[in-house]
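So this block is entry27.txt, compact mmCIF, C-alpha atoms:
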# COMPACT_ATOMS: atom_id res chain seq x y z
CA MET Z 88 19.45 -2.32 -21.27
CA SER Z 89 17.91 -4.24 -24.12
CA ARG Z 90 19.53 -4.68 -27.52
CA HIS Z 91 16.88 -2.41 -29.00
CA ASN Z 92 17.84 0.42 -26.69
CA ASP Z 93 21.52 -0.12 -27.36
CA LYS Z 94 20.82 0.15 -31.07
CA LEU Z 95 18.80 3.28 -30.51
CA ASP Z 96 21.47 4.79 -28.31
CA SER Z 97 24.10 4.10 -30.92
CA LEU Z 98 21.90 5.70 -33.62
CA PHE Z 99 21.38 8.77 -31.43
CA LYS Z 100 25.07 8.95 -30.67
CA LYS Z 101 25.94 8.75 -34.35
CA MET Z 102 23.46 11.52 -35.15
CA ALA Z 103 24.64 13.72 -32.29
CA ASP Z 104 28.32 13.24 -33.20
CA SER Z 105 27.66 14.05 -36.83
CA TYR Z 106 25.64 17.13 -35.92
CA ALA Z 107 28.27 18.39 -33.45
CA GLU Z 108 30.96 17.94 -36.09
CA GLN Z 109 29.08 19.89 -38.75
CA TYR Z 110 27.79 22.51 -36.38
CA GLY Z 111 31.32 22.96 -35.03
CA ASN Z 112 32.77 23.43 -38.51
CA GLU Z 113 30.06 25.93 -39.35
CA LEU Z 114 30.82 27.85 -36.16
CA LYS Z 115 34.52 27.70 -36.85
CA GLN Z 116 33.97 29.45 -40.17
CA GLU Z 117 31.79 32.01 -38.45
CA PHE Z 118 34.47 32.48 -35.80
CA ASP Z 119 37.21 32.99 -38.40
CA GLU Z 120 35.07 35.54 -40.17
CA LEU Z 121 34.40 37.34 -36.92
CA GLU Z 122 38.13 37.41 -36.19
CA ARG Z 123 38.86 38.81 -39.64
CA ASN Z 124 36.17 41.47 -39.65
CA THR Z 125 36.12 42.61 -36.04
CA PRO Z 126 39.01 44.36 -34.34
CA PRO Z 127 40.17 42.73 -31.08
CA MET Z 128 37.70 43.69 -28.38
CA ILE Z 129 38.54 44.73 -24.86
CA THR Z 130 35.90 43.27 -22.56
CA PRO Z 131 36.35 44.75 -19.09
CA GLY Z 132 32.67 44.15 -18.29
CA LEU Z 133 32.82 40.47 -19.10
CA ASP Z 134 36.21 40.05 -17.40
CA ALA Z 135 34.83 41.59 -14.22
CA LYS Z 136 31.69 39.45 -14.34
CA VAL Z 137 33.65 36.24 -14.79
CA LYS Z 138 35.91 37.22 -11.90
CA GLU Z 139 32.89 38.07 -9.79
CA LYS Z 140 31.26 34.74 -10.54
CA LEU Z 141 34.32 32.92 -9.27
CA LYS Z 142 34.72 35.03 -6.16
CA PRO Z 143 31.74 34.10 -3.95
CA ARG Z 144 32.65 30.46 -4.09
CA ARG Z 145 36.03 31.20 -2.60
CA LYS Z 146 34.36 33.16 0.20
CA ASN Z 147 31.96 30.32 0.85
CA TYR Z 148 34.80 27.85 0.88
CA GLY Z 149 36.74 29.91 3.39
CA ARG Z 150 33.72 30.23 5.65
CA ILE Z 151 33.06 26.51 5.61
CA MET Z 152 36.70 25.70 6.20
CA GLY Z 153 36.59 28.08 9.18
CA LEU Z 154 33.54 26.33 10.58
CA ILE Z 155 35.14 22.91 10.19
CA ALA Z 156 38.30 24.15 11.90
CA ALA Z 157 36.16 25.53 14.73
CA CYS Z 158 34.37 22.19 15.17
CA ALA Z 159 37.71 20.35 15.18
CA LEU Z 160 39.02 22.77 17.80
CA VAL Z 161 35.99 22.18 20.01
CA ALA Z 162 36.34 18.44 19.61
CA VAL Z 163 39.92 18.70 20.91
CA ILE Z 164 39.32 21.28 23.65
CA ILE Z 165 36.17 19.86 25.28
CA PRO Z 166 37.70 16.51 26.35
CA VAL Z 167 40.76 18.37 27.69
CA ILE Z 168 38.60 20.68 29.80
CA TYR Z 169 36.51 17.72 30.84
CA ASN Z 170 39.56 15.83 32.08
CA THR Z 171 41.22 18.84 33.70
CA VAL Z 172 38.33 20.52 35.50
CA GLY Z 173 36.78 17.31 36.72
CA SER Z 174 33.50 15.98 35.55
CA PRO Z 175 31.01 18.73 34.89
CA PRO Z 176 27.66 17.54 33.62
CA LEU Z 177 28.44 17.42 29.94
CA ASN Z 178 25.76 16.71 27.41
CA THR Z 179 25.30 17.13 23.72
CA ALA Z 180 23.55 20.44 24.21
CA THR Z 181 26.59 22.01 25.89
CA ILE Z 182 28.83 20.66 23.12
CA GLN Z 183 26.45 22.09 20.57
CA GLU Z 184 26.43 25.47 22.36
CA ALA Z 185 30.19 25.49 22.59
CA THR Z 186 30.48 24.61 18.91
CA ASP Z 187 28.07 27.37 18.00
CA ALA Z 188 29.91 29.90 20.16
CA VAL Z 189 33.28 29.08 18.65
CA ALA Z 190 31.81 29.00 15.17
CA GLU Z 191 30.25 32.40 15.73
CA GLU Z 192 33.54 33.71 17.00
CA VAL Z 193 35.46 32.34 14.07
CA LEU Z 194 33.12 33.25 11.25
CA PRO Z 195 33.17 37.06 11.48
CA GLU Z 196 36.94 37.02 11.65
CA ASP Z 197 37.07 34.62 8.82
CA ALA Z 198 37.38 37.34 6.25
CA ALA Z 199 41.07 37.70 7.06
CA GLY Z 200 41.53 33.95 7.04
CA GLU Z 201 39.65 33.76 3.81
CA ALA Z 202 41.94 36.31 2.25
CA ALA Z 203 44.91 34.33 3.47
CA ILE Z 204 43.52 31.13 1.96
CA ALA Z 205 42.76 33.00 -1.26
CA GLU Z 206 46.25 34.44 -1.40
CA GLU Z 207 47.78 31.07 -0.75
CA ALA Z 208 45.78 29.20 -3.34
CA ALA Z 209 45.48 31.92 -5.95
CA PRO Z 210 47.10 31.02 -9.25
CA PRO Z 211 49.28 33.54 -11.04
CA ALA Z 212 47.24 36.26 -12.70
CA MET Z 213 46.41 35.96 -16.37
CA ALA Z 214 48.29 38.05 -18.81
CA ASP Z 215 46.92 41.29 -20.16
CA ASP Z 216 43.30 42.15 -19.57
CA ALA Z 217 41.98 38.68 -18.93
CA PRO Z 218 40.62 37.98 -15.45
CA ALA Z 219 42.79 35.89 -13.15
CA MET Z 220 40.96 32.59 -13.06
CA GLU Z 221 40.86 30.63 -9.88
CA GLU Z 222 39.70 27.09 -9.23
CA PRO Z 223 36.01 27.46 -8.54
CA ALA Z 224 35.06 23.91 -9.39
CA ALA Z 225 37.41 22.40 -6.87
CA GLU Z 226 36.45 24.74 -4.14
CA GLU Z 227 32.82 24.51 -4.90
CA ALA Z 228 32.99 20.74 -4.81
CA ALA Z 229 34.91 20.85 -1.55
CA ALA Z 230 32.56 23.43 -0.17
CA GLU Z 231 29.52 21.41 -1.21
CA GLU Z 232 31.00 18.36 0.44
CA ALA Z 233 31.78 20.29 3.58
CA GLU Z 234 28.35 21.88 3.54
CA ASP Z 235 26.78 18.44 3.28
CA SER Z 236 28.76 17.21 6.24
CA VAL Z 237 27.82 20.29 8.24
CA THR Z 238 24.13 20.11 7.44
CA SER Z 239 23.97 16.38 7.96
CA SER Z 240 24.96 16.91 11.59
CA ALA Z 241 21.89 19.10 12.18
CA PRO Z 242 19.30 17.57 14.52
CA GLU Z 243 16.75 15.62 12.53
CA GLN Z 244 15.23 13.39 15.17
CA GLN Z 245 12.35 15.75 15.90
CA TYR Z 246 10.86 14.93 12.51
CA GLU Z 247 9.41 11.62 11.55
CA ILE Z 248 8.59 9.86 8.33
CA ILE Z 249 4.87 10.20 7.76
CA PRO Z 250 3.62 6.77 6.73
CA LEU Z 251 1.30 6.31 3.77
CA SER Z 252 -2.23 5.82 5.04
CA PHE Z 253 -3.58 4.45 1.75
CA ASP Z 254 -2.84 1.72 -0.76
CA LEU Z 255 -0.75 2.86 -3.69
CA PRO Z 256 -2.27 2.21 -7.12
CA GLU Z 257 -0.82 -0.93 -8.73
CA ASN Z 258 1.33 0.99 -11.19
CA PHE Z 259 3.37 2.60 -8.42
CA THR Z 260 6.15 1.25 -6.25
CA VAL Z 261 8.03 3.21 -3.62
CA GLU Z 262 11.56 3.68 -4.89
CA ASP Z 263 12.80 5.77 -2.00
CA VAL Z 264 11.57 7.81 0.94
CA GLU Z 265 13.27 10.63 2.79
CA GLN Z 266 12.59 13.17 5.46
CA ASP Z 267 13.34 16.80 4.70
CA ILE Z 268 12.72 19.21 7.59
CA GLY Z 269 9.16 18.18 8.32
CA LYS Z 270 8.33 16.99 4.85
CA THR Z 271 8.26 13.32 3.99
CA ILE Z 272 9.18 12.74 0.37
CA TYR Z 273 8.22 9.54 -1.42
CA TYR Z 274 9.82 8.80 -4.79
CA LEU Z 275 7.34 6.64 -6.64
CA GLN Z 276 8.30 4.61 -9.67
CA ASP Z 277 5.55 4.35 -12.24
CA MET Z 278 5.19 1.34 -14.50
CA ARG Z 279 3.94 3.71 -17.19
CA LEU Z 280 7.16 5.72 -17.00
CA ASP Z 281 5.63 8.74 -15.32
CA ASP Z 282 7.61 8.69 -12.10
CA THR Z 283 6.10 10.78 -9.37
CA VAL Z 284 7.38 12.61 -6.32
CA LEU Z 285 4.88 12.69 -3.44
CA THR Z 286 5.43 15.02 -0.47
CA LEU Z 287 3.50 14.82 2.81
CA GLU Z 288 3.58 17.48 5.49
CA ARG Z 289 1.60 17.84 8.70
CA SER Z 290 -0.17 21.16 8.77
CA ASP Z 291 -2.78 23.02 10.83
CA GLY Z 292 -4.16 24.86 7.84
CA PHE Z 293 -4.15 24.55 4.09
CA THR Z 294 -3.81 27.59 1.87
CA VAL Z 295 -4.71 27.07 -1.75
CA PRO Z 296 -1.78 28.26 -3.87
CA ASP Z 297 -2.55 30.88 -6.50
CA GLY Z 298 -3.02 30.05 -10.13
CA LEU Z 299 -4.11 26.44 -9.77
CA THR Z 300 -7.14 24.75 -11.28
CA GLU Z 301 -9.63 23.14 -8.92
CA TYR Z 302 -10.38 19.47 -9.46
CA GLU Z 303 -12.97 17.40 -7.65
CA ILE Z 304 -11.69 14.00 -6.60
CA ASN Z 305 -14.07 11.69 -4.74
CA GLY Z 306 -16.13 14.73 -3.75
CA GLN Z 307 -13.15 16.60 -2.34
CA ALA Z 308 -11.24 19.55 -3.72
CA ALA Z 309 -7.74 19.23 -5.10
CA TYR Z 310 -5.73 21.89 -6.91
CA GLY Z 311 -3.38 21.33 -9.78
CA SER Z 312 -1.60 22.64 -12.81
CA TYR Z 313 -0.21 21.22 -16.02
CA GLU Z 314 2.84 22.50 -17.80
CA PRO Z 315 4.66 20.79 -20.63
CA ASP Z 316 7.39 19.46 -18.36
CA TYR Z 317 5.73 19.50 -15.02
CA SER Z 318 2.38 18.46 -13.60
CA TYR Z 319 1.44 19.37 -10.06
CA LEU Z 320 -1.40 18.49 -7.68
CA THR Z 321 -2.00 19.40 -4.05
CA PHE Z 322 -4.72 18.91 -1.43
CA GLU Z 323 -5.21 18.41 2.28
CA LYS Z 324 -6.58 15.40 4.08
CA GLY Z 325 -6.60 14.61 7.80
CA GLY Z 326 -4.18 17.38 8.75
CA ILE Z 327 -1.69 16.37 6.12
CA VAL Z 328 -0.94 18.44 3.03
CA TYR Z 329 -0.16 16.26 0.01
CA GLU Z 330 1.83 17.63 -2.91
CA MET Z 331 2.73 15.59 -5.95
CA THR Z 332 4.55 16.17 -9.20
CA CYS Z 333 5.22 14.07 -12.24
CA GLU Z 334 6.89 14.60 -15.58
CA HIS Z 335 4.21 13.86 -18.09
CA ASP Z 336 0.54 13.44 -17.39
CA LEU Z 337 -1.64 15.21 -14.84
CA ASN Z 338 -3.93 12.16 -14.94
CA THR Z 339 -1.17 10.18 -13.22
CA LEU Z 340 -1.54 12.56 -10.28
CA LEU Z 341 -5.32 12.62 -10.37
CA GLU Z 342 -5.35 8.82 -10.16
CA LEU Z 343 -2.93 8.89 -7.25
CA GLY Z 344 -5.04 11.60 -5.62
CA ALA Z 345 -8.11 9.40 -5.99
CA ALA Z 346 -6.34 6.65 -4.05
CA ILE Z 347 -5.66 9.07 -1.21
CA LEU Z 348 -8.94 11.03 -0.99
CA MET P 298 38.62 16.74 0.74
CA ILE P 299 42.21 17.87 0.26
CA LEU P 300 42.57 15.25 -2.45
CA LEU P 301 39.51 16.66 -4.12
CA VAL P 302 40.97 20.15 -4.06
CA LEU P 303 44.25 18.88 -5.46
CA ALA P 304 42.49 16.92 -8.17
CA PHE P 305 40.97 20.13 -9.52
CA SER P 306 43.93 22.41 -8.97
CA SER P 307 45.68 21.70 -12.22
CA GLU P 308 47.77 24.24 -14.05
CA GLU P 309 46.92 22.50 -17.30
CA GLU P 310 43.19 22.94 -16.73
CA LYS P 311 43.66 26.56 -15.79
CA SER P 312 45.72 27.26 -18.91
CA LYS P 313 43.16 25.47 -21.05
CA PHE P 314 40.37 27.56 -19.59
CA GLU P 315 42.32 30.79 -20.00
CA TYR P 316 43.06 29.90 -23.61
CA ILE P 317 39.40 29.18 -24.32
CA TYR P 318 38.33 32.35 -22.55
CA GLU P 319 40.70 34.57 -24.49
CA LYS P 320 40.03 32.91 -27.80
CA TYR P 321 36.27 32.61 -27.71
CA LYS P 322 34.99 35.37 -25.46
CA ASN P 323 34.08 37.57 -28.42
CA LEU P 324 32.30 34.72 -30.18
CA LEU P 325 30.31 33.91 -27.07
CA LEU P 326 29.38 37.54 -26.54
CA HIS P 327 28.38 37.73 -30.20
CA LYS P 328 26.21 34.63 -29.93
CA ALA P 329 24.60 35.76 -26.69
CA TYR P 330 23.94 39.21 -28.11
CA GLY P 331 22.35 37.62 -31.17
CA ILE P 332 19.75 36.05 -28.89
CA LEU P 333 19.33 38.70 -26.21
CA HIS P 334 19.88 41.96 -28.16
CA ASP P 335 21.14 43.53 -24.95
CA TYR P 336 24.86 43.90 -24.34
CA MET P 337 24.67 43.79 -20.53
CA LEU P 338 22.56 40.63 -20.63
CA ALA P 339 24.90 39.17 -23.23
CA GLU P 340 27.77 39.71 -20.80
CA ASP P 341 25.77 38.02 -18.05
CA ALA P 342 25.09 35.07 -20.33
CA ALA P 343 28.69 34.78 -21.50
CA SER P 344 30.09 34.97 -17.96
CA GLU P 345 27.66 32.32 -16.74
CA ALA P 346 28.51 30.20 -19.77
CA PHE P 347 32.24 30.45 -19.00
CA LEU P 348 31.63 29.30 -15.47
CA ARG P 349 29.75 26.25 -16.78
CA ILE P 350 32.46 25.63 -19.37
CA TYR P 351 35.04 25.66 -16.59
CA LYS P 352 33.10 23.01 -14.73
CA ASN P 353 33.04 20.84 -17.84
CA LEU P 354 36.59 21.37 -19.07
CA GLY P 355 37.12 17.63 -19.06
CA LYS P 356 34.69 17.38 -21.96
CA ILE P 357 36.98 19.48 -24.14
CA ASP P 358 39.90 17.61 -25.66
CA ASP P 359 41.05 20.09 -28.26
CA PRO P 360 40.12 23.75 -27.65
CA ASP P 361 40.73 24.54 -31.33
CA SER P 362 38.39 21.88 -32.67
CA GLY P 363 34.97 22.42 -34.14
CA ARG P 364 33.52 20.11 -31.50
CA CYS P 365 34.86 22.40 -28.77
CA ILE P 366 33.29 25.44 -30.42
CA ALA P 367 30.00 23.58 -30.81
CA PHE P 368 30.12 22.62 -27.12
CA ILE P 369 30.75 26.11 -25.77
CA VAL P 370 28.30 27.74 -28.16
CA THR P 371 25.65 25.18 -27.16
CA ILE P 372 26.20 26.23 -23.56
CA VAL P 373 26.07 29.98 -24.18
CA LYS P 374 23.00 29.65 -26.39
CA ASN P 375 21.27 27.69 -23.68
CA VAL P 376 22.14 30.22 -20.98
CA SER P 377 21.00 33.05 -23.26
CA LEU P 378 17.70 31.34 -24.02
CA THR P 379 17.10 30.81 -20.32
CA LEU P 380 17.79 34.49 -19.66
CA LEU P 381 15.51 35.44 -22.52
CA GLN P 382 12.73 33.25 -21.10
CA LYS P 383 13.17 34.85 -17.69
CA LYS P 384 13.15 38.28 -19.26
CA ALA P 385 10.05 37.68 -21.28
CA LYS P 386 8.52 35.36 -18.65
CA ASN P 387 7.74 33.07 -21.48
CA THR P 388 6.62 29.59 -20.79
CA ALA P 389 8.49 26.83 -22.53
CA GLU P 390 7.36 25.96 -26.00
CA GLU P 391 4.59 23.42 -25.78
CA LEU P 392 4.91 20.50 -28.08
CA PRO P 393 1.84 19.77 -30.12
CA GLU P 394 0.18 16.51 -29.22
CA GLN P 395 1.74 13.95 -31.49
CA GLN P 396 -0.15 11.14 -33.05
CA GLN P 397 3.17 9.32 -33.21
CA ASP P 398 3.38 8.88 -29.43
CA GLU P 399 2.98 5.17 -29.83
CA PHE P 400 5.50 4.93 -32.65
CA ARG P 401 8.43 2.77 -31.60
CA LEU P 402 11.62 3.41 -33.51
CA GLU P 403 12.89 0.06 -32.27
CA ASP P 404 10.42 -1.63 -34.62
CA PHE P 405 11.67 0.25 -37.64
CA VAL P 406 14.72 0.20 -39.84
CA VAL P 407 16.29 3.61 -40.14
CA SER P 408 17.76 4.47 -43.53
CA GLU P 409 21.40 5.39 -43.83
CA LEU P 410 21.42 9.12 -43.20
CA SER P 411 23.83 11.55 -44.76
CA SER P 412 25.47 14.12 -42.52
CA GLY P 413 23.44 16.83 -44.21
CA GLU P 414 20.21 14.98 -43.51
CA ILE P 415 21.18 14.48 -39.88
CA TYR P 416 21.92 18.18 -39.55
CA ASN P 417 18.56 19.15 -41.00
CA LEU P 418 16.70 16.61 -38.86
CA LEU P 419 18.22 17.86 -35.63
CA GLU P 420 17.58 21.46 -36.60
CA GLN P 421 13.87 20.61 -36.44
CA VAL P 422 13.95 19.27 -32.90
CA GLY P 423 13.91 22.62 -31.10
CA GLU P 424 16.79 24.42 -29.43
CA GLU P 425 16.31 23.31 -25.82
CA TYR P 426 15.71 19.67 -26.70
CA LYS P 427 18.59 19.67 -29.18
CA ASN P 428 20.97 21.09 -26.59
CA ALA P 429 20.11 18.39 -24.06
CA PHE P 430 20.37 15.74 -26.78
CA LEU P 431 23.79 16.95 -27.94
CA LEU P 432 25.22 17.20 -24.44
CA LYS P 433 23.99 13.68 -23.71
CA TYR P 434 25.00 11.88 -26.88
CA ALA P 435 27.79 13.93 -28.44
CA TYR P 436 29.52 14.90 -25.21
CA ASP P 437 28.57 11.88 -23.07
CA MET P 438 27.31 13.90 -20.16
CA SER P 439 25.10 12.46 -17.43
CA ASN P 440 21.66 13.94 -16.79
CA GLN P 441 23.01 15.50 -13.63
CA GLU P 442 25.91 17.13 -15.47
CA ILE P 443 23.57 18.37 -18.17
CA GLY P 444 21.23 19.72 -15.50
CA LYS P 445 24.04 21.71 -13.91
CA THR P 446 25.15 23.01 -17.29
CA MET P 447 21.67 23.96 -18.40
CA GLY P 448 20.56 25.23 -15.01
CA VAL P 449 17.71 22.76 -14.61
CA SER P 450 17.14 19.68 -12.47
CA ALA P 451 18.33 16.26 -13.57
CA ASN P 452 14.68 15.29 -13.54
CA HIS P 453 13.91 18.05 -16.01
CA VAL P 454 16.78 16.89 -18.23
CA GLY P 455 15.12 13.48 -18.34
CA VAL P 456 11.97 15.13 -19.64
CA LEU P 457 13.92 17.15 -22.24
CA LEU P 458 15.72 14.06 -23.51
CA HIS P 459 12.56 12.01 -23.57
CA ARG P 460 10.88 14.67 -25.65
CA ALA P 461 13.87 15.23 -27.93
CA LYS P 462 13.96 11.55 -28.79
CA LYS P 463 10.21 11.38 -29.21
CA LYS P 464 10.29 14.30 -31.58
CA LEU P 465 13.26 12.90 -33.47
CA LYS P 466 11.49 9.58 -33.91
CA ALA P 467 8.43 11.37 -35.27
CA ILE P 468 10.55 13.42 -37.67
CA LEU P 469 12.32 10.28 -38.88
CA GLN P 470 9.02 8.61 -39.56
CA GLU P 471 7.42 11.64 -41.22
CA GLY P 472 10.47 12.17 -43.40
CA GLY P 473 10.32 8.57 -44.57
CA TYR P 474 13.67 7.68 -43.01
CA ALA P 475 12.21 4.96 -40.82
CA HIS P 476 10.71 1.93 -42.52
CA GLU P 477 8.69 -0.80 -40.86
CA GLN P 478 10.58 -4.05 -40.50
CA ALA P 479 9.44 -6.68 -42.99

With the file now loaded, output its structure as structure tokens.
Amino acid sequence: MSRHNDKLDSLFKKMADSYAEQYGNELKQEFDELERNTPPMITPGLDAKVKEKLKPRRKNYGRIMGLIAACALVAVIIPVIYNTVGSPPLNTATIQEATDAVAEEVLPEDAAGEAAIAEEAAPPAMADDAPAMEEPAAEEAAAEEAEDSVTSSAPEQQYEIIPLSFDLPENFTVEDVEQDIGKTIYYLQDMRLDDTVLTLERSDGFTVPDGLTEYEINGQAAYGSYEPDYSYLTFEKGGIVYEMTCEHDLNTLLELGAAIL
Amino acid sequence: MILLVLAFSSEEEKSKFEYIYEKYKNLLLHKAYGILHDYMLAEDAASEAFLRIYKNLGKIDDPDSGRCIAFIVTIVKNVSLTLLQKKAKNTAEELPEQQQDEFRLEDFVVSELSSGEIYNLLEQVGEEYKNAFLLKYAYDMSNQEIGKTMGVSANHVGVLLHRAKKKLKAILQEGGYAHEQA
């Protein structure tokens, strides 16, 4: 970061701190007034909603923990069976099937396990009418992590990265590329600070999405939209549907489209 | 993973959250109702805000401080505005094209600003931009954290911050607070 930006950042920080301080004091006065003039409110609706918001995450966590336990069980059992019974033709498909079967078996029964986990981990209830708060953040984080590890084991090899069949305009460099269930996503860094995400997907047909404006690029049709925070352009060429978004200027996308079409 | 669970399972955090919930639930409902004019929606907004507050408890040092109140009210206002937008299917406010796009604050000297002036300047930035700006600079949150708190992508937060700063620079220049370097 340059010195200029550091200076700017420190100016912004000073302004934000000062604003938060004043705004906070103003709100504090408002809060005190509210306390003085309003009798204590009972909020069963809000209490229930907050409780409800925390609940699903626990369920999800329990389900994922069940699935992980099932996978671990399979990982232990399969080699034992393999060694005991002899050497049946074992391949990844049978392991996968076995994992699925055990997972299916475990998941419906998981409600009881879930309740047990919930009971075990549940903190003491809050006093009075307040909802008993659990630890959603922890479980959500754990669940997200577990979910990631579960999904990352899904078969991906049937999809391939679709290579770019054109020269990128000079202002772009490929920052990253990833494959997402049939879609190839290119993250393009723009020298003019209008970074763009380009998605390619093989397709037999192209349906024009509703509500887009038609643009003609090199004699071919492309469809796009401009919103304050989000520009979008899509078209089809050679059996591949291209979709692109950027933060600022639709022209960034039209120029990129011109390089493709 | 167990470590992660343990790291978040803190009695202290839970007590802090419960304290904040009990103390400020009426204020948050009041603020949400002020925007939504619908008690059920206000409850939805407040409950969602409390969930986001829980996830950002680390940002709150003193639950009784003005900064804490500003933080949680910023969150509930943002959630309420998002609900309002969904309800009215409004598109986000479009910024007028600014002639000052090319203005670089780096090339200017900014006058010493009083706290009152700062307050008035930031009031002109627009609620959504101001919220992102405050969470970034006053509460040191990353774009990803802000995104989760505001319910938008980190990419979108980048756009909000970019625009907040652009607007702030323009306001500074228009108000005569930024002077060209000699």

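Considering the residues P:His334, P:Lys374, P:His327, P:Lys383 and counting all atoms listed in the file, chain Z has its shortest atom-to-atom contact with P:His327.
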
Within 9 Å of stretch 105-112 of chain Z, counting only C-alpha atoms, which residues show up once you throw out same-chain ones fewer than 6 positions away? Write them as an MDAnalysis selection string, please. chainID P and resid 362:368 370 412:413 415:417 419 431 435

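Minimum distance to chain Z across P:Val456, P:Val449, P:Leu354, P:Ala475 (counting only C-alpha atoms) occurs at P:Val456.
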
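Among Z:Ala308, Z:Leu287, Z:Leu275, Z:Ile164, the residue with the shortest atom-to-atom distance to Z:Cys333, counting all atoms listed in the file, is Z:Leu275.
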
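Note that the spacing between atom CA of Z:Gly292 and atom CA of Z:Tyr329 amounts to 12.3 Å.
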
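Nearest to chain P of all the residues Z:Arg279, Z:Arg123, Z:Lys100, Z:His335 is Z:Lys100, based on all atoms listed in the file.
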
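The coordinates place atom CA of Z:Thr271 at 18.1 Å from atom CA of Z:Leu348.
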
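For the pair atom CA of Z:Asn338 and atom CA of P:His453, the separation is 18.8 Å.
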
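Minimum atom-to-atom distance to P:Gln441, evaluated using all atoms listed in the file, belongs to P:Val454 out of P:Val454, P:Ile332, P:Ile350, P:Leu465.
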
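Nearest to Z:Leu285 of all the residues Z:Glu262, Z:Asp297, Z:Asp119, Z:Glu113 is Z:Glu262, counting all atoms listed in the file.
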
Would you kindly return, as a PyMOL selection string, each protein, DNA or RNA residue with an atom no farther than 12 Å from any atom of Z:Thr125, considering only C-alpha atoms and excluding same-chain residues fewer than 5 positions away? (chain Z and resi 117-120) or (chain P and resi 323-324+327)

Given the point (22.9, 7.1, -30.1) in the file's coordinates, find the residues that have an atom at most 12 Å from it, counting only C-alpha atoms, and give them as JSON, numbers by chain. {"Z": [91, 92, 93, 94, 95, 96, 97, 98, 99, 100, 101, 102, 103, 104, 105, 106], "P": [430, 431, 432, 433, 434, 435, 436, 437, 458, 462, 465]}

Which protein, DNA or RNA residues have an atom at most 10 Å from (20.0, 25.5, -29.1), counting all atoms listed in the file? List them as a VMD selection string. chain P and resid 370 to 378 420 422 to 429 431

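Omitting stretch 318-325 of chain Z and its sequence neighbours fewer than 2 positions away, and counting all atoms listed in the file, the residues within 8 Å are Phe293, Ala308, Ala309, Tyr310, Gly311, Ser312, Tyr313, Glu314, Pro315, Asp316, Ile327, Val328, Tyr329, Glu330, Met331, Thr332, Cys333, Glu334, His335, Asp336, Leu337, Leu340, Leu341 and Leu348 of chain Z.
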
Would you pick out the contacts of stretch 307-317 of chain P at 7 Å or less, using all atoms listed in the file, so that residues sharing its chain but fewer than 2 positions from it are not included, and give the list as a ChimeraX atom specification? /P:305,319-321,351,360
